[in-house]
file query-v7.csv (CSV, N, CA and C atoms)
chain,number,residue,atom,x,y,z
A,1,MET,N,105.0,93.6,10.4
A,1,MET,CA,104.0,93.8,9.3
A,1,MET,C,104.8,94.0,8.0
A,2,ALA,N,104.3,93.5,7.0
A,2,ALA,CA,104.9,93.7,5.6
A,2,ALA,C,104.2,94.9,4.9
A,3,PHE,N,105.0,95.4,4.0
A,3,PHE,CA,104.5,96.6,3.2
A,3,PHE,C,104.7,96.3,1.7
A,4,LEU,N,103.9,96.9,0.9
A,4,LEU,CA,104.0,96.8,-0.5
A,4,LEU,C,104.7,98.1,-1.0
A,5,GLN,N,105.9,98.0,-1.6
A,5,GLN,CA,106.6,99.2,-2.0
A,5,GLN,C,106.3,99.4,-3.5
A,6,HIS,N,105.9,100.6,-3.8
A,6,HIS,CA,105.5,101.1,-5.1
A,6,HIS,C,106.6,102.0,-5.8
A,7,CYS,N,107.1,101.6,-6.9
A,7,CYS,CA,108.1,102.4,-7.6
A,7,CYS,C,107.6,102.7,-9.0
A,8,LEU,N,108.1,103.8,-9.6
A,8,LEU,CA,107.8,104.2,-10.9
A,8,LEU,C,109.0,104.8,-11.5
A,9,ASN,N,109.4,104.3,-12.7
A,9,ASN,CA,110.6,104.8,-13.3
A,9,ASN,C,111.8,104.9,-12.4
A,10,GLY,N,112.0,103.9,-11.5
A,10,GLY,CA,113.1,103.8,-10.6
A,10,GLY,C,113.0,104.6,-9.4
A,11,GLY,N,111.9,105.4,-9.2
A,11,GLY,CA,111.7,106.3,-8.1
A,11,GLY,C,110.7,105.7,-7.1
A,12,LEU,N,110.9,105.8,-5.8
A,12,LEU,CA,110.0,105.3,-4.8
A,12,LEU,C,108.8,106.2,-4.8
A,13,VAL,N,107.6,105.6,-4.9
A,13,VAL,CA,106.3,106.4,-4.9
A,13,VAL,C,105.7,106.3,-3.5
A,14,ALA,N,105.5,105.1,-3.0
A,14,ALA,CA,104.8,105.0,-1.7
A,14,ALA,C,105.0,103.6,-1.2
A,15,HIS,N,104.5,103.4,0.1
A,15,HIS,CA,104.4,102.1,0.7
A,15,HIS,C,103.0,101.9,1.2
A,16,TYR,N,102.5,100.7,1.1
A,16,TYR,CA,101.1,100.4,1.5
A,16,TYR,C,101.2,99.2,2.5
A,17,ALA,N,100.5,99.3,3.6
A,17,ALA,CA,100.5,98.2,4.6
A,17,ALA,C,99.8,97.0,4.0
A,18,LEU,N,100.4,95.8,4.1
A,18,LEU,CA,99.8,94.6,3.6
A,18,LEU,C,99.1,93.8,4.7
A,19,ASP,N,98.2,94.4,5.4
A,19,ASP,CA,97.4,93.8,6.4
A,19,ASP,C,96.1,93.3,6.0
A,20,SER,N,95.7,93.6,4.7
A,20,SER,CA,94.5,93.1,4.1
A,20,SER,C,94.6,93.1,2.6
A,21,ALA,N,93.6,92.7,1.9
A,21,ALA,CA,93.7,92.7,0.4
A,21,ALA,C,93.8,94.1,-0.1
A,22,ILE,N,94.6,94.2,-1.2
A,22,ILE,CA,94.8,95.5,-1.9
A,22,ILE,C,94.5,95.3,-3.3
A,23,THR,N,93.6,96.2,-3.9
A,23,THR,CA,93.4,96.1,-5.3
A,23,THR,C,94.1,97.3,-6.0
A,24,LEU,N,94.6,97.0,-7.2
A,24,LEU,CA,95.4,98.0,-8.0
A,24,LEU,C,94.7,98.1,-9.4
A,25,GLY,N,94.6,99.3,-9.8
A,25,GLY,CA,94.0,99.6,-11.1
A,25,GLY,C,93.8,101.1,-11.4
A,26,ARG,N,93.2,101.4,-12.5
A,26,ARG,CA,93.0,102.7,-13.0
A,26,ARG,C,91.7,103.4,-12.4
A,27,SER,N,90.8,102.5,-12.0
A,27,SER,CA,89.5,103.0,-11.5
A,27,SER,C,89.6,103.6,-10.1
A,28,GLU,N,88.9,104.6,-9.8
A,28,GLU,CA,89.0,105.3,-8.5
A,28,GLU,C,88.6,104.4,-7.3
A,29,ASP,N,87.9,103.3,-7.5
A,29,ASP,CA,87.4,102.5,-6.4
A,29,ASP,C,88.5,101.4,-6.0
A,30,ASN,N,89.7,101.5,-6.6
A,30,ASN,CA,90.8,100.6,-6.2
A,30,ASN,C,91.5,101.2,-4.9
A,31,ASP,N,92.1,100.3,-4.2
A,31,ASP,CA,92.9,100.8,-3.0
A,31,ASP,C,94.1,101.6,-3.5
A,32,VAL,N,94.8,101.1,-4.6
A,32,VAL,CA,95.9,101.9,-5.2
A,32,VAL,C,95.5,102.2,-6.6
A,33,VAL,N,95.3,103.5,-6.8
A,33,VAL,CA,94.8,104.0,-8.2
A,33,VAL,C,96.1,104.4,-9.0
A,34,LEU,N,96.2,103.8,-10.1
A,34,LEU,CA,97.3,104.0,-11.0
A,34,LEU,C,96.9,104.7,-12.3
A,35,GLU,N,97.3,106.0,-12.4
A,35,GLU,CA,97.0,106.7,-13.6
A,35,GLU,C,98.0,106.4,-14.7
A,36,ASP,N,97.6,105.4,-15.4
A,36,ASP,CA,98.5,104.8,-16.4
A,36,ASP,C,97.7,104.1,-17.5
A,37,GLY,N,97.8,104.5,-18.7
A,37,GLY,CA,97.0,104.0,-19.8
A,37,GLY,C,97.2,102.5,-20.1
A,38,THR,N,98.3,101.9,-19.6
A,38,THR,CA,98.6,100.5,-19.8
A,38,THR,C,98.0,99.7,-18.7
A,39,VAL,N,97.3,100.3,-17.7
A,39,VAL,CA,96.7,99.6,-16.6
A,39,VAL,C,95.2,99.5,-16.8
A,40,SER,N,94.6,98.4,-16.5
A,40,SER,CA,93.2,98.2,-16.6
A,40,SER,C,92.4,98.9,-15.4
A,41,GLY,N,91.1,99.0,-15.6
A,41,GLY,CA,90.3,99.6,-14.5
A,41,GLY,C,90.5,98.9,-13.2
A,42,HIS,N,90.4,97.6,-13.2
A,42,HIS,CA,90.6,96.7,-12.1
A,42,HIS,C,91.6,95.7,-12.5
A,43,HIS,N,92.9,95.9,-12.3
A,43,HIS,CA,94.0,95.2,-12.9
A,43,HIS,C,94.4,94.0,-12.0
A,44,ALA,N,94.7,94.2,-10.7
A,44,ALA,CA,95.3,93.1,-9.9
A,44,ALA,C,94.8,93.2,-8.5
A,45,ARG,N,95.0,92.1,-7.8
A,45,ARG,CA,94.7,92.1,-6.3
A,45,ARG,C,95.9,91.4,-5.6
A,46,ILE,N,96.3,91.9,-4.5
A,46,ILE,CA,97.3,91.3,-3.6
A,46,ILE,C,96.6,91.0,-2.3
A,47,SER,N,96.6,89.7,-1.8
A,47,SER,CA,95.9,89.4,-0.6
A,47,SER,C,96.8,88.5,0.2
A,48,VAL,N,96.5,88.4,1.5
A,48,VAL,CA,97.3,87.6,2.5
A,48,VAL,C,96.6,86.3,2.6
A,49,THR,N,97.3,85.2,2.4
A,49,THR,CA,96.7,83.8,2.5
A,49,THR,C,96.7,83.4,4.0
A,50,ASP,N,96.0,82.3,4.2
A,50,ASP,CA,95.9,81.8,5.6
A,50,ASP,C,97.3,81.4,6.1
A,51,GLN,N,98.2,81.1,5.2
A,51,GLN,CA,99.6,80.7,5.6
A,51,GLN,C,100.5,81.9,5.8
A,52,GLY,N,99.9,83.1,5.6
A,52,GLY,CA,100.7,84.4,5.8
A,52,GLY,C,101.5,84.8,4.6
A,53,GLU,N,101.2,84.1,3.4
A,53,GLU,CA,101.9,84.5,2.2
A,53,GLU,C,101.1,85.6,1.5
A,54,PHE,N,101.8,86.3,0.6
A,54,PHE,CA,101.2,87.4,-0.2
A,54,PHE,C,100.9,87.0,-1.6
A,55,GLN,N,99.7,86.7,-1.9
A,55,GLN,CA,99.3,86.2,-3.2
A,55,GLN,C,98.8,87.3,-4.1
A,56,PHE,N,99.3,87.3,-5.3
A,56,PHE,CA,98.8,88.3,-6.3
A,56,PHE,C,98.1,87.6,-7.4
A,57,GLU,N,97.1,88.3,-8.0
A,57,GLU,CA,96.3,87.7,-9.1
A,57,GLU,C,95.9,88.8,-10.0
A,58,ASP,N,95.9,88.4,-11.3
A,58,ASP,CA,95.4,89.3,-12.4
A,58,ASP,C,93.9,89.2,-12.3
A,59,LEU,N,93.2,90.4,-12.5
A,59,LEU,CA,91.8,90.4,-12.4
A,59,LEU,C,91.2,90.5,-13.8
A,60,GLY,N,91.8,89.8,-14.8
A,60,GLY,CA,91.3,89.9,-16.2
A,60,GLY,C,91.8,91.1,-16.9
A,61,SER,N,92.9,91.6,-16.6
A,61,SER,CA,93.4,92.8,-17.2
A,61,SER,C,93.8,92.6,-18.7
A,62,THR,N,93.9,93.7,-19.5
A,62,THR,CA,94.2,93.6,-20.9
A,62,THR,C,95.7,93.2,-21.0
A,63,ASN,N,96.6,93.9,-20.3
A,63,ASN,CA,98.0,93.7,-20.5
A,63,ASN,C,98.7,92.8,-19.5
A,64,GLY,N,97.9,92.2,-18.5
A,64,GLY,CA,98.5,91.2,-17.6
A,64,GLY,C,99.5,91.8,-16.6
A,65,LEU,N,100.1,90.8,-16.0
A,65,LEU,CA,101.1,91.1,-14.9
A,65,LEU,C,102.4,90.5,-15.4
A,66,GLN,N,103.5,91.1,-14.9
A,66,GLN,CA,104.8,90.5,-15.1
A,66,GLN,C,105.5,90.3,-13.7
A,67,TYR,N,106.0,89.1,-13.4
A,67,TYR,CA,106.7,88.9,-12.1
A,67,TYR,C,108.1,88.5,-12.5
A,68,GLU,N,109.0,89.3,-12.1
A,68,GLU,CA,110.4,89.1,-12.4
A,68,GLU,C,110.7,89.0,-13.9
A,69,GLY,N,109.9,89.8,-14.7
A,69,GLY,CA,110.1,89.8,-16.1
A,69,GLY,C,109.3,88.8,-16.9
A,70,LYS,N,108.6,87.9,-16.2
A,70,LYS,CA,107.8,86.9,-16.9
A,70,LYS,C,106.3,87.1,-16.7
A,71,LYS,N,105.6,87.0,-17.8
A,71,LYS,CA,104.1,87.2,-17.8
A,71,LYS,C,103.5,86.0,-17.0
A,72,VAL,N,102.7,86.4,-16.0
A,72,VAL,CA,102.0,85.5,-15.1
A,72,VAL,C,100.6,86.0,-14.9
A,73,SER,N,99.7,85.1,-14.4
A,73,SER,CA,98.4,85.5,-14.0
A,73,SER,C,98.2,85.4,-12.5
A,74,ASN,N,99.0,84.7,-11.7
A,74,ASN,CA,99.0,84.7,-10.3
A,74,ASN,C,100.3,84.2,-9.7
A,75,GLY,N,100.4,84.3,-8.4
A,75,GLY,CA,101.6,83.8,-7.8
A,75,GLY,C,101.8,84.3,-6.4
A,76,ILE,N,102.9,84.0,-5.8
A,76,ILE,CA,103.2,84.5,-4.4
A,76,ILE,C,104.3,85.6,-4.5
A,77,LEU,N,104.0,86.7,-3.9
A,77,LEU,CA,104.9,87.9,-4.0
A,77,LEU,C,106.0,87.7,-2.9
A,78,GLN,N,107.2,87.3,-3.3
A,78,GLN,CA,108.3,87.1,-2.4
A,78,GLN,C,109.0,88.4,-2.1
A,79,ALA,N,109.6,88.6,-0.9
A,79,ALA,CA,110.3,89.8,-0.6
A,79,ALA,C,111.4,90.0,-1.6
A,80,GLY,N,111.5,91.2,-2.1
A,80,GLY,CA,112.6,91.5,-3.0
A,80,GLY,C,112.4,91.2,-4.4
A,81,LYS,N,111.3,90.5,-4.8
A,81,LYS,CA,111.0,90.2,-6.1
A,81,LYS,C,110.0,91.2,-6.7
A,82,TRP,N,110.0,91.5,-8.0
A,82,TRP,CA,109.3,92.6,-8.5
A,82,TRP,C,108.1,92.1,-9.3
A,83,LEU,N,106.9,92.7,-9.1
A,83,LEU,CA,105.7,92.5,-9.8
A,83,LEU,C,105.4,93.8,-10.6
A,84,SER,N,105.2,93.7,-11.9
A,84,SER,CA,105.0,94.9,-12.7
A,84,SER,C,103.5,94.9,-13.1
A,85,VAL,N,102.9,96.1,-12.9
A,85,VAL,CA,101.5,96.4,-13.3
A,85,VAL,C,101.6,97.6,-14.2
A,86,GLY,N,101.5,97.4,-15.5
A,86,GLY,CA,101.7,98.5,-16.4
A,86,GLY,C,103.2,99.0,-16.3
A,87,LEU,N,103.3,100.3,-16.1
A,87,LEU,CA,104.7,100.9,-15.9
A,87,LEU,C,105.1,100.9,-14.4
A,88,HIS,N,104.3,100.5,-13.5
A,88,HIS,CA,104.5,100.5,-12.1
A,88,HIS,C,105.1,99.2,-11.6
A,89,GLU,N,106.0,99.3,-10.6
A,89,GLU,CA,106.6,98.1,-10.1
A,89,GLU,C,106.4,98.0,-8.6
A,90,PHE,N,106.1,96.8,-8.1
A,90,PHE,CA,105.8,96.6,-6.7
A,90,PHE,C,106.6,95.4,-6.2
A,91,THR,N,107.1,95.6,-4.9
A,91,THR,CA,107.8,94.5,-4.2
A,91,THR,C,107.3,94.5,-2.8
A,92,ARG,N,107.6,93.4,-2.1
A,92,ARG,CA,107.2,93.3,-0.7
A,92,ARG,C,108.5,93.6,0.2
A,93,VAL,N,108.3,94.4,1.2
A,93,VAL,CA,109.4,94.7,2.1
A,93,VAL,C,108.8,94.5,3.5
A,94,GLU,N,109.7,94.1,4.4
A,94,GLU,CA,109.3,93.8,5.8
A,94,GLU,C,109.3,95.1,6.7
A,95,THR,N,110.1,96.1,6.4
A,95,THR,CA,110.2,97.3,7.2
A,95,THR,C,110.2,98.5,6.2
A,96,LEU,N,109.8,99.6,6.7
A,96,LEU,CA,109.9,100.8,6.0
A,96,LEU,C,111.3,101.4,6.0
A,97,PRO,N,111.8,101.9,4.9
A,97,PRO,CA,113.2,102.4,4.9
A,97,PRO,C,113.3,103.7,5.7
A,98,GLN,N,114.4,104.0,6.2
A,98,GLN,CA,114.6,105.3,6.9
A,98,GLN,C,114.5,106.4,5.9
A,99,GLY,N,114.2,107.6,6.4
A,99,GLY,CA,114.1,108.8,5.6
A,99,GLY,C,112.8,108.8,4.8
A,100,MET,N,111.7,108.2,5.3
A,100,MET,CA,110.4,108.2,4.6
A,100,MET,C,109.8,109.6,4.6
A,101,GLU,N,110.4,110.5,5.4
A,101,GLU,CA,109.8,111.9,5.4
A,101,GLU,C,110.0,112.6,4.0
A,102,GLN,N,110.9,112.0,3.2
A,102,GLN,CA,111.1,112.6,1.8
A,102,GLN,C,110.1,111.8,0.9
A,103,THR,N,109.1,112.5,0.5
A,103,THR,CA,108.1,112.0,-0.4
A,103,THR,C,108.3,112.4,-1.8
A,104,LEU,N,108.1,111.5,-2.7
A,104,LEU,CA,108.3,111.8,-4.2
A,104,LEU,C,106.9,112.0,-4.7
A,105,ARG,N,106.8,112.9,-5.6
A,105,ARG,CA,105.5,113.2,-6.3
A,105,ARG,C,105.6,112.8,-7.7
A,106,ILE,N,104.6,112.1,-8.2
A,106,ILE,CA,104.6,111.6,-9.6
A,106,ILE,C,104.1,112.8,-10.5
A,107,LYS,N,104.8,113.0,-11.6
A,107,LYS,CA,104.4,114.0,-12.5
A,107,LYS,C,104.4,113.4,-13.9
A,108,LYS,N,103.4,113.9,-14.7
A,108,LYS,CA,103.3,113.4,-16.1
A,108,LYS,C,104.2,114.2,-17.0
A,109,SER,N,104.8,113.6,-17.9
A,109,SER,CA,105.6,114.2,-18.9
A,109,SER,C,104.7,114.7,-20.0
A,110,TRP,N,105.2,115.5,-20.9
A,110,TRP,CA,104.5,115.9,-22.1
A,110,TRP,C,104.4,114.8,-23.1
A,111,ILE,N,105.3,113.7,-22.9
A,111,ILE,CA,105.3,112.6,-23.7
A,111,ILE,C,104.2,111.6,-23.2
A,112,PRO,N,103.2,111.2,-23.9
A,112,PRO,CA,102.2,110.3,-23.4
A,112,PRO,C,102.8,109.0,-22.8
A,113,GLY,N,102.3,108.6,-21.7
A,113,GLY,CA,102.7,107.4,-21.0
A,113,GLY,C,104.0,107.5,-20.3
A,114,VAL,N,104.7,108.7,-20.2
A,114,VAL,CA,106.0,108.8,-19.6
A,114,VAL,C,105.7,109.7,-18.3
A,115,TYR,N,106.2,109.1,-17.2
A,115,TYR,CA,106.1,109.8,-15.9
A,115,TYR,C,107.4,110.0,-15.3
A,116,TYR,N,107.6,110.9,-14.3
A,116,TYR,CA,108.8,111.0,-13.6
A,116,TYR,C,108.5,111.5,-12.2
A,117,THR,N,109.5,111.4,-11.3
A,117,THR,CA,109.3,111.8,-9.9
A,117,THR,C,110.2,112.9,-9.6
A,118,SER,N,109.7,113.7,-8.6
A,118,SER,CA,110.5,114.8,-8.0
A,118,SER,C,110.2,114.8,-6.5
A,119,GLU,N,111.1,115.4,-5.7
A,119,GLU,CA,110.9,115.5,-4.3
A,119,GLU,C,109.8,116.6,-4.1
A,120,LYS,N,109.0,116.3,-3.0
A,120,LYS,CA,107.9,117.2,-2.7
A,120,LYS,C,108.4,118.5,-2.1

call {"tool": "encode", "arguments": {"input": "query-v7.csv", "output": "structure tokens"}}
result
Amino acid sequence: MAFLQHCLNGGLVAHYALDSAITLGRSEDNDVVLEDGTVSGHHARISVTDQGEFQFEDLGSTNGLQYEGKKVSNGILQAGKWLSVGLHEFTRVETLPQGMEQTLRIKKSWIPGVYYTSEK
């Protein structure tokens, strides 16, 4: 099974199983809720194609998506390649890393739009 790895400011935030479609955005009804002013309410979707590929698509967001630093509206998420949604970065991994018992907690800075992580 593949997983979607979520990073913020260089720190690991979480992993999500990629066994069905995942929506990302600021609204509470998304599968992955991103508290980030640069992210739209319903920003993006990642789904599994019939061929077993992981397709991402912009859902009409204001700021769009960046894949490997280039602005795109859709594509295939390759293992080890980075998809940026606002300040958040996502990549596909095939296995969970060891040491997952250490969970990072996202904290807001006093500076608007700046987040950091610390161990739980």

call {"tool": "select_by_dssp", "arguments": {"input": "query-v7.csv", "residues": "chain A", "states": "strand (DSSP E or B)", "output": "CSV table (one decimal) with N, CA and C atoms, in the frame of the given file"}}
result
chain,number,residue,atom,x,y,z
A,3,PHE,N,105.0,95.4,4.0
A,3,PHE,CA,104.5,96.6,3.2
A,3,PHE,C,104.7,96.3,1.7
A,4,LEU,N,103.9,96.9,0.9
A,4,LEU,CA,104.0,96.8,-0.5
A,4,LEU,C,104.7,98.1,-1.0
A,5,GLN,N,105.9,98.0,-1.6
A,5,GLN,CA,106.6,99.2,-2.0
A,5,GLN,C,106.3,99.4,-3.5
A,6,HIS,N,105.9,100.6,-3.8
A,6,HIS,CA,105.5,101.1,-5.1
A,6,HIS,C,106.6,102.0,-5.8
A,7,CYS,N,107.1,101.6,-6.9
A,7,CYS,CA,108.1,102.4,-7.6
A,7,CYS,C,107.6,102.7,-9.0
A,8,LEU,N,108.1,103.8,-9.6
A,8,LEU,CA,107.8,104.2,-10.9
A,8,LEU,C,109.0,104.8,-11.5
A,11,GLY,N,111.9,105.4,-9.2
A,11,GLY,CA,111.7,106.3,-8.1
A,11,GLY,C,110.7,105.7,-7.1
A,12,LEU,N,110.9,105.8,-5.8
A,12,LEU,CA,110.0,105.3,-4.8
A,12,LEU,C,108.8,106.2,-4.8
A,13,VAL,N,107.6,105.6,-4.9
A,13,VAL,CA,106.3,106.4,-4.9
A,13,VAL,C,105.7,106.3,-3.5
A,14,ALA,N,105.5,105.1,-3.0
A,14,ALA,CA,104.8,105.0,-1.7
A,14,ALA,C,105.0,103.6,-1.2
A,15,HIS,N,104.5,103.4,0.1
A,15,HIS,CA,104.4,102.1,0.7
A,15,HIS,C,103.0,101.9,1.2
A,16,TYR,N,102.5,100.7,1.1
A,16,TYR,CA,101.1,100.4,1.5
A,16,TYR,C,101.2,99.2,2.5
A,17,ALA,N,100.5,99.3,3.6
A,17,ALA,CA,100.5,98.2,4.6
A,17,ALA,C,99.8,97.0,4.0
A,22,ILE,N,94.6,94.2,-1.2
A,22,ILE,CA,94.8,95.5,-1.9
A,22,ILE,C,94.5,95.3,-3.3
A,23,THR,N,93.6,96.2,-3.9
A,23,THR,CA,93.4,96.1,-5.3
A,23,THR,C,94.1,97.3,-6.0
A,24,LEU,N,94.6,97.0,-7.2
A,24,LEU,CA,95.4,98.0,-8.0
A,24,LEU,C,94.7,98.1,-9.4
A,25,GLY,N,94.6,99.3,-9.8
A,25,GLY,CA,94.0,99.6,-11.1
A,25,GLY,C,93.8,101.1,-11.4
A,32,VAL,N,94.8,101.1,-4.6
A,32,VAL,CA,95.9,101.9,-5.2
A,32,VAL,C,95.5,102.2,-6.6
A,33,VAL,N,95.3,103.5,-6.8
A,33,VAL,CA,94.8,104.0,-8.2
A,33,VAL,C,96.1,104.4,-9.0
A,44,ALA,N,94.7,94.2,-10.7
A,44,ALA,CA,95.3,93.1,-9.9
A,44,ALA,C,94.8,93.2,-8.5
A,45,ARG,N,95.0,92.1,-7.8
A,45,ARG,CA,94.7,92.1,-6.3
A,45,ARG,C,95.9,91.4,-5.6
A,46,ILE,N,96.3,91.9,-4.5
A,46,ILE,CA,97.3,91.3,-3.6
A,46,ILE,C,96.6,91.0,-2.3
A,47,SER,N,96.6,89.7,-1.8
A,47,SER,CA,95.9,89.4,-0.6
A,47,SER,C,96.8,88.5,0.2
A,48,VAL,N,96.5,88.4,1.5
A,48,VAL,CA,97.3,87.6,2.5
A,48,VAL,C,96.6,86.3,2.6
A,54,PHE,N,101.8,86.3,0.6
A,54,PHE,CA,101.2,87.4,-0.2
A,54,PHE,C,100.9,87.0,-1.6
A,55,GLN,N,99.7,86.7,-1.9
A,55,GLN,CA,99.3,86.2,-3.2
A,55,GLN,C,98.8,87.3,-4.1
A,56,PHE,N,99.3,87.3,-5.3
A,56,PHE,CA,98.8,88.3,-6.3
A,56,PHE,C,98.1,87.6,-7.4
A,57,GLU,N,97.1,88.3,-8.0
A,57,GLU,CA,96.3,87.7,-9.1
A,57,GLU,C,95.9,88.8,-10.0
A,58,ASP,N,95.9,88.4,-11.3
A,58,ASP,CA,95.4,89.3,-12.4
A,58,ASP,C,93.9,89.2,-12.3
A,65,LEU,N,100.1,90.8,-16.0
A,65,LEU,CA,101.1,91.1,-14.9
A,65,LEU,C,102.4,90.5,-15.4
A,66,GLN,N,103.5,91.1,-14.9
A,66,GLN,CA,104.8,90.5,-15.1
A,66,GLN,C,105.5,90.3,-13.7
A,67,TYR,N,106.0,89.1,-13.4
A,67,TYR,CA,106.7,88.9,-12.1
A,67,TYR,C,108.1,88.5,-12.5
A,70,LYS,N,108.6,87.9,-16.2
A,70,LYS,CA,107.8,86.9,-16.9
A,70,LYS,C,106.3,87.1,-16.7
A,71,LYS,N,105.6,87.0,-17.8
A,71,LYS,CA,104.1,87.2,-17.8
A,71,LYS,C,103.5,86.0,-17.0
A,72,VAL,N,102.7,86.4,-16.0
A,72,VAL,CA,102.0,85.5,-15.1
A,72,VAL,C,100.6,86.0,-14.9
A,74,ASN,N,99.0,84.7,-11.7
A,74,ASN,CA,99.0,84.7,-10.3
A,74,ASN,C,100.3,84.2,-9.7
A,75,GLY,N,100.4,84.3,-8.4
A,75,GLY,CA,101.6,83.8,-7.8
A,75,GLY,C,101.8,84.3,-6.4
A,76,ILE,N,102.9,84.0,-5.8
A,76,ILE,CA,103.2,84.5,-4.4
A,76,ILE,C,104.3,85.6,-4.5
A,79,ALA,N,109.6,88.6,-0.9
A,79,ALA,CA,110.3,89.8,-0.6
A,79,ALA,C,111.4,90.0,-1.6
A,83,LEU,N,106.9,92.7,-9.1
A,83,LEU,CA,105.7,92.5,-9.8
A,83,LEU,C,105.4,93.8,-10.6
A,84,SER,N,105.2,93.7,-11.9
A,84,SER,CA,105.0,94.9,-12.7
A,84,SER,C,103.5,94.9,-13.1
A,85,VAL,N,102.9,96.1,-12.9
A,85,VAL,CA,101.5,96.4,-13.3
A,85,VAL,C,101.6,97.6,-14.2
A,88,HIS,N,104.3,100.5,-13.5
A,88,HIS,CA,104.5,100.5,-12.1
A,88,HIS,C,105.1,99.2,-11.6
A,89,GLU,N,106.0,99.3,-10.6
A,89,GLU,CA,106.6,98.1,-10.1
A,89,GLU,C,106.4,98.0,-8.6
A,90,PHE,N,106.1,96.8,-8.1
A,90,PHE,CA,105.8,96.6,-6.7
A,90,PHE,C,106.6,95.4,-6.2
A,91,THR,N,107.1,95.6,-4.9
A,91,THR,CA,107.8,94.5,-4.2
A,91,THR,C,107.3,94.5,-2.8
A,92,ARG,N,107.6,93.4,-2.1
A,92,ARG,CA,107.2,93.3,-0.7
A,92,ARG,C,108.5,93.6,0.2
A,93,VAL,N,108.3,94.4,1.2
A,93,VAL,CA,109.4,94.7,2.1
A,93,VAL,C,108.8,94.5,3.5
A,104,LEU,N,108.1,111.5,-2.7
A,104,LEU,CA,108.3,111.8,-4.2
A,104,LEU,C,106.9,112.0,-4.7
A,105,ARG,N,106.8,112.9,-5.6
A,105,ARG,CA,105.5,113.2,-6.3
A,105,ARG,C,105.6,112.8,-7.7
A,106,ILE,N,104.6,112.1,-8.2
A,106,ILE,CA,104.6,111.6,-9.6
A,106,ILE,C,104.1,112.8,-10.5
A,107,LYS,N,104.8,113.0,-11.6
A,107,LYS,CA,104.4,114.0,-12.5
A,107,LYS,C,104.4,113.4,-13.9
A,108,LYS,N,103.4,113.9,-14.7
A,108,LYS,CA,103.3,113.4,-16.1
A,108,LYS,C,104.2,114.2,-17.0
A,115,TYR,N,106.2,109.1,-17.2
A,115,TYR,CA,106.1,109.8,-15.9
A,115,TYR,C,107.4,110.0,-15.3
A,116,TYR,N,107.6,110.9,-14.3
A,116,TYR,CA,108.8,111.0,-13.6
A,116,TYR,C,108.5,111.5,-12.2
A,117,THR,N,109.5,111.4,-11.3
A,117,THR,CA,109.3,111.8,-9.9
A,117,THR,C,110.2,112.9,-9.6
A,118,SER,N,109.7,113.7,-8.6
A,118,SER,CA,110.5,114.8,-8.0
A,118,SER,C,110.2,114.8,-6.5
A,119,GLU,N,111.1,115.4,-5.7
A,119,GLU,CA,110.9,115.5,-4.3
A,119,GLU,C,109.8,116.6,-4.1

call {"tool": "closest_residue", "arguments": {"input": "query-v7.csv", "among": "A:Ser40, A:Thr91, A:Thr23, A:Gln5", "to": "Leu77 of chain A", "atoms": "only N, CA and C atoms"}}
result
A:Thr91

call {"tool": "atom_distance", "arguments": {"input": "query-v7.csv", "atom1": "atom C of Arg26 of chain A", "atom2": "atom N of Phe54 of chain A"}}
result
23.7 Å

call {"tool": "residues_around", "arguments": {"input": "query-v7.csv", "residues": "His88 of chain A", "least_positions_apart": "6", "cutoff": "8 Å", "atoms": "only N, CA and C atoms", "output": "ChimeraX atom specification"}}
result
/A:6-9,36

call {"tool": "atom_distance", "arguments": {"input": "query-v7.csv", "atom1": "atom CA of Asn30 of chain A", "atom2": "atom CA of Val72 of chain A"}}
result
20.8 Å

call {"tool": "atom_distance", "arguments": {"input": "query-v7.csv", "atom1": "atom CA of Ala2 of chain A", "atom2": "atom CA of Trp82 of chain A"}}
result
14.8 Å

call {"tool": "residues_around", "arguments": {"input": "query-v7.csv", "residues": "Thr95 of chain A", "least_positions_apart": "3", "cutoff": "10 Å", "atoms": "only C-alpha atoms", "output": "number ranges by chain"}}
result
A: 1-4, 15, 92, 98

call {"tool": "residues_near_point", "arguments": {"input": "query-v7.csv", "point": "(94.2, 94.5, -3.8)", "cutoff": "5 Å", "atoms": "all atoms listed in the file", "output": "number ranges by chain"}}
result
A: 21-24, 44-46

call {"tool": "residues_around", "arguments": {"input": "query-v7.csv", "residues": "Asp58 of chain A", "least_positions_apart": "4", "cutoff": "5 Å", "atoms": "all atoms listed in the file", "output": "list in words"}}
result
His43, Ala44, Ser73 and Asn74 of chain A
